[in-house]
Amino acid sequence: MFDNKDISKTSLSSLGEFGLIDHLMDNVELKNTSSKKGVGDDAAVLDFNGEQTLVSTDFLIEGVHFDLSYMPLKHLGYKAIMVNLSDIYAMNAKATQVTVSIAVSNRFPLEALEELYSGIHLACKIYNVDLVGGDTTSSTSGLIISVTAVGHAKEEEVTYRSGAKPNDLLVVSGDLGAAYMGFQILEREKEVFKVNPNNQPDLSPYTYLLERQMKPEARKDIKELLNVLEVKPTSMIDISDGLSSETLHLCKHSNVGVNLFEDKIPLDPSMITVCEEFNLDSTTIALSGGEDYELLFTVDQKDFEKIKGNPNFSIIGHMKPESEGKHLITRGNQQIELTARGWNALQDEE
């Protein structure tokens, strides 16, 4: 593996996913004038004579990102597209095309791939994006999916993670934590099935949570809604790794602090009920669960009147000078340092 056998070795888990990206991309230089924004946001931004083109790509790997023992292939295909479209919408842009590449082992028959692509085609139809290419190859260990999404926006519309200012309001769409609890339900029923394969669970009480996990919807509507309200976000990111992680990303790239208020975090009642069933704290799940694919953004305080009371948005905090730190304000009005405890794909196996 190495020419120098004595080289010291660093565990990837010690860096984490984002630390690894920062390390590998540290010396990358953008040499083409059309490369306006590279690594460090939800999507790269390319400028072709004033037309902004956005590009984002993601992997989904069997055994890491999904479990086919309970994830239907059609749902998986749909979700694979949503994961990538969400990155384009998180830049306040319109998604227009996707490419899909797969590596697949010989345990999958043609009919299985047809099922996977039926979900991909459905997502493209509903979100009005074109499937314009991709690649296929063999895999020795299951299914691997790579999707690249392409979008467009006017230069003045593109929103980065780096534009938040002290006193900006921190706003989130939808509700949080439901996708993670849907995952917990599926994992629990999988273990029950191992013990009793004849068991037929009643999952009807968990419909919303399971949909949030297995068939998430990217928030294409938020850009359109903000346009109608005449609100331009100052920064934006999608919530894939948990509210705390994404909030800290905005703080890092914008060089600001934050006060995030626990009692303002939007939680669906069914999510709270299931958290109690699992003896889990609902705030912790909202902060660290991930896979919500809602949009987290900041707006100038002057836009407060435009968004207050809107059922699509929750104002959950405000940005501060960086020197004042990053804090969660609890329901008991305690100030706790905000930390990122979201899912880490590179953690060591136990």
# chains A, B, ... in the order shown; residues from 1 in each chain; ligands from 1

$ residues_around --residues "range 84-101 of chain A" --least-positions-apart "5" --cutoff "6 Å" --atoms "only C-alpha atoms" --output "tab-separated table (two decimals) with N, CA and C atoms, in the first residue's frame"
chain	number	residue	atom	x	y	z
A	42	ASP	N	-22.49	23.03	-0.09
A	42	ASP	CA	-23.33	21.90	-0.47
A	42	ASP	C	-23.11	21.50	-1.92
A	129	VAL	N	-36.54	16.86	-13.11
A	129	VAL	CA	-35.13	16.84	-13.47
A	129	VAL	C	-34.89	15.72	-14.48
A	130	ASP	N	-33.90	15.88	-15.32
A	130	ASP	CA	-33.61	14.91	-16.37
A	130	ASP	C	-32.48	13.98	-15.95
A	131	LEU	N	-32.67	12.69	-16.16
A	131	LEU	CA	-31.59	11.72	-15.99
A	131	LEU	C	-30.80	11.70	-17.29
A	132	VAL	N	-29.56	12.21	-17.27
A	132	VAL	CA	-28.83	12.44	-18.51
A	132	VAL	C	-27.60	11.57	-18.69
A	133	GLY	N	-27.36	10.64	-17.78
A	133	GLY	CA	-26.20	9.78	-17.96
A	133	GLY	C	-25.83	9.05	-16.70
A	134	GLY	N	-24.66	8.39	-16.75
A	134	GLY	CA	-24.16	7.62	-15.61
A	134	GLY	C	-23.26	6.50	-16.08
A	135	ASP	N	-23.06	5.52	-15.22
A	135	ASP	CA	-22.17	4.41	-15.53
A	135	ASP	C	-22.61	3.19	-14.72
A	136	THR	N	-22.27	2.02	-15.19
A	136	THR	CA	-22.52	0.78	-14.45
A	136	THR	C	-21.25	-0.06	-14.44
A	145	ILE	N	-24.29	3.19	-5.12
A	145	ILE	CA	-24.96	4.16	-5.97
A	145	ILE	C	-24.25	5.50	-5.85
A	146	SER	N	-23.94	6.11	-6.97
A	146	SER	CA	-23.37	7.46	-6.97
A	146	SER	C	-24.23	8.34	-7.86
A	147	VAL	N	-24.73	9.42	-7.29
A	147	VAL	CA	-25.57	10.36	-8.04
A	147	VAL	C	-24.89	11.71	-8.08
A	148	THR	N	-24.89	12.32	-9.25
A	148	THR	CA	-24.43	13.70	-9.40
A	148	THR	C	-25.61	14.54	-9.84
A	149	ALA	N	-25.84	15.64	-9.15
A	149	ALA	CA	-26.93	16.54	-9.50
A	149	ALA	C	-26.38	17.85	-10.03
A	150	VAL	N	-27.07	18.41	-11.01
A	150	VAL	CA	-26.69	19.67	-11.62
A	150	VAL	C	-27.84	20.65	-11.48
A	151	GLY	N	-27.52	21.89	-11.18
A	151	GLY	CA	-28.55	22.92	-11.05
A	151	GLY	C	-28.09	24.24	-11.59
A	152	HIS	N	-28.99	25.21	-11.59
A	152	HIS	CA	-28.68	26.53	-12.14
A	152	HIS	C	-29.31	27.62	-11.27
A	153	ALA	N	-28.69	28.78	-11.28
A	153	ALA	CA	-29.22	29.93	-10.56
A	153	ALA	C	-28.56	31.20	-11.09
A	158	VAL	N	-27.51	32.68	-5.74
A	158	VAL	CA	-26.77	31.59	-5.11
A	158	VAL	C	-26.45	31.94	-3.65
A	159	THR	N	-26.76	31.00	-2.76
A	159	THR	CA	-26.55	31.22	-1.33
A	159	THR	C	-25.52	30.24	-0.81
A	218	ALA	N	-36.96	16.27	-0.88
A	218	ALA	CA	-36.10	17.45	-0.89
A	218	ALA	C	-36.96	18.71	-0.95
A	223	LYS	N	-37.15	27.53	-2.05
A	223	LYS	CA	-36.65	28.62	-2.92
A	223	LYS	C	-37.82	29.41	-3.50
A	236	MET	N	-27.08	29.27	3.87
A	236	MET	CA	-28.00	28.14	3.82
A	236	MET	C	-27.22	26.84	3.74
A	237	ILE	N	-27.85	25.76	4.29
A	237	ILE	CA	-27.28	24.42	4.25
A	237	ILE	C	-28.43	23.43	4.40
A	238	ASP	N	-28.27	22.21	3.90
A	238	ASP	CA	-29.33	21.22	4.15
A	238	ASP	C	-28.95	20.37	5.35

$ select_by_dssp --residues "range 30-147 of chain A" --states "helix (DSSP H, G or I)" --output "MDAnalysis selection string"
chainID A and resid 73:89 110:127

$ closest_residue --among "A:Gln200, A:Ser323, A:Ser244, A:Gln184" --to "Ala286 in chain A" --atoms "only C-alpha atoms"
A:Ser244

$ select_by_dssp --residues "range 193-321 of chain A" --states "strand (DSSP E or B)" --output "VMD selection string"
chain A and resid 235 to 238 256 to 261 295 to 299 313 to 321

$ closest_residue --among "A:Phe278, A:Tyr160, A:Phe313, A:Phe48" --to "Glu294 in chain A" --atoms "only C-alpha atoms"
A:Phe313
